[in-house]
Amino acid sequence: MSKGQKTNWLLLGGVALLVAWPLLFVKGDFEGADAQAGELVKELSPDYTPWAEPVFEPASSEIESLLFALQAALGAGTIGFIFGGYHERRRQQRQTSTSTTSKEPLP
């Protein structure tokens with residue numbers, strides 16, 4: 001196994017540990033920041049009334065988490081697709097420029 005493969009496996013193990021550790025050992029309420037902020041606003045200003053209402057209210061917090069994860073995945077996929085397109089275009093431009101400059105000049 002090469003040094004690069006060992007490094008990749010170590011990084012993958014570290015990511016797995018970072019994901020598994022809180023799920024296995026941290027007990028508590030995994031409430032989002034939006035809910036915590038709403039509770040704080042109610043505590044600090046009990047007479048506050050929101051000026052906007054949600055357009056869609058998911059049936060449960062699990063569905064809300066699923067939709068949030070789906071939104072994040074679609075955003076990351078879009079950004080990756082755009083950067084991949086830029087990278088490929090730049091690679092092809094470099095390849096074209098090196099192939100045109102390496103040709104021998106005509107007499």
# chains A, B, ... in the order shown; residues from 1 in each chain; ligands from 1

call {"tool": "select_by_dssp", "arguments": {"residues": "region 8-75 of chain A", "states": "helix (DSSP H, G or I)", "output": "PyMOL selection string"}}
result
chain A and resi 8-25+33-44+61-75

call {"tool": "closest_residue", "arguments": {"among": "A:Arg91, A:Thr96, A:Ile82, A:Glu62", "to": "Glu31 (chain A)", "atoms": "only C-alpha atoms"}}
result
A:Glu62

call {"tool": "atom_distance", "arguments": {"atom1": "CA of Val15 (chain A)", "atom2": "CA of Gly32 (chain A)"}}
result
22.0 Å

call {"tool": "decode", "arguments": {"residues": "region 7-99 of chain A", "atoms": "C-alpha atoms", "output": "short mmCIF file (atom, residue, chain, number, x, y, z; two decimals), in the first residue's frame"}}
result
data_model
loop_
_atom_site.label_atom_id
_atom_site.label_comp_id
_atom_site.auth_asym_id
_atom_site.auth_seq_id
_atom_site.Cartn_x
_atom_site.Cartn_y
_atom_site.Cartn_z
CA THR A 7 -3.16 8.77 4.05
CA ASN A 8 -6.53 8.38 2.36
CA TRP A 9 -7.51 5.53 4.69
CA LEU A 10 -6.43 7.55 7.73
CA LEU A 11 -8.49 10.52 6.58
CA LEU A 12 -11.49 8.29 5.89
CA GLY A 13 -11.16 6.75 9.35
CA GLY A 14 -10.95 10.21 10.91
CA VAL A 15 -14.11 11.32 9.13
CA ALA A 16 -15.92 8.15 10.23
CA LEU A 17 -14.83 8.79 13.81
CA LEU A 18 -16.01 12.40 13.66
CA VAL A 19 -19.40 11.24 12.39
CA ALA A 20 -19.83 8.30 14.76
CA TRP A 21 -18.57 9.91 17.98
CA PRO A 22 -21.43 12.37 18.53
CA LEU A 23 -24.04 9.84 17.45
CA LEU A 24 -22.79 7.24 19.92
CA PHE A 25 -21.62 9.27 22.90
CA VAL A 26 -23.36 12.66 22.91
CA LYS A 27 -26.80 12.54 24.46
CA GLY A 28 -29.18 15.43 24.16
CA ASP A 29 -31.60 17.28 22.01
CA PHE A 30 -30.28 17.92 18.51
CA GLU A 31 -32.37 20.99 17.96
CA GLY A 32 -31.55 23.37 15.14
CA ALA A 33 -30.36 26.93 15.59
CA ASP A 34 -33.61 28.29 14.14
CA ALA A 35 -35.68 26.68 16.89
CA GLN A 36 -33.24 27.84 19.57
CA ALA A 37 -33.37 31.40 18.22
CA GLY A 38 -37.17 31.31 18.19
CA GLU A 39 -37.23 30.23 21.83
CA LEU A 40 -34.78 33.00 22.75
CA VAL A 41 -36.90 35.62 20.98
CA LYS A 42 -40.00 34.42 22.86
CA GLU A 43 -38.06 34.60 26.13
CA LEU A 44 -36.63 38.08 25.51
CA SER A 45 -39.75 39.61 23.93
CA PRO A 46 -42.93 37.67 24.75
CA ASP A 47 -45.18 40.09 22.84
CA TYR A 48 -43.28 39.70 19.54
CA THR A 49 -45.38 38.56 16.58
CA PRO A 50 -43.66 37.22 13.44
CA TRP A 51 -44.35 39.23 10.28
CA ALA A 52 -44.08 36.21 7.94
CA GLU A 53 -45.37 32.64 8.03
CA PRO A 54 -43.74 29.55 6.50
CA VAL A 55 -45.02 28.57 3.06
CA PHE A 56 -44.63 24.85 3.77
CA GLU A 57 -44.53 23.16 7.16
CA PRO A 58 -43.13 19.58 7.09
CA ALA A 59 -45.10 16.94 8.98
CA SER A 60 -42.20 15.99 11.26
CA SER A 61 -38.68 17.03 12.17
CA GLU A 62 -37.30 13.98 10.34
CA ILE A 63 -38.85 15.15 7.08
CA GLU A 64 -37.52 18.63 7.73
CA SER A 65 -34.02 17.21 8.23
CA LEU A 66 -34.37 15.12 5.07
CA LEU A 67 -35.37 18.16 3.02
CA PHE A 68 -32.50 20.18 4.48
CA ALA A 69 -30.00 17.41 3.64
CA LEU A 70 -31.46 17.13 0.13
CA GLN A 71 -31.10 20.87 -0.35
CA ALA A 72 -27.48 20.73 0.85
CA ALA A 73 -26.69 17.79 -1.44
CA LEU A 74 -28.21 19.49 -4.48
CA GLY A 75 -26.29 22.68 -3.73
CA ALA A 76 -23.01 20.83 -3.28
CA GLY A 77 -23.63 18.84 -6.45
CA THR A 78 -24.33 22.01 -8.42
CA ILE A 79 -21.21 23.73 -7.12
CA GLY A 80 -19.11 20.61 -7.83
CA PHE A 81 -20.53 20.39 -11.35
CA ILE A 82 -19.68 24.04 -12.05
CA PHE A 83 -16.15 23.76 -10.67
CA GLY A 84 -15.65 20.47 -12.54
CA GLY A 85 -16.70 22.15 -15.79
CA TYR A 86 -14.27 25.01 -15.22
CA HIS A 87 -11.49 22.55 -14.37
CA GLU A 88 -12.12 20.44 -17.48
CA ARG A 89 -12.32 23.50 -19.74
CA ARG A 90 -9.03 24.79 -18.36
CA ARG A 91 -7.39 21.35 -18.77
CA GLN A 92 -8.52 21.17 -22.40
CA GLN A 93 -7.25 24.69 -23.08
CA ARG A 94 -3.85 23.79 -21.63
CA GLN A 95 -3.78 20.59 -23.64
CA THR A 96 -4.67 22.45 -26.83
CA SER A 97 -2.10 25.18 -26.24
CA THR A 98 0.70 22.69 -25.59
CA SER A 99 -0.18 20.64 -28.67
#
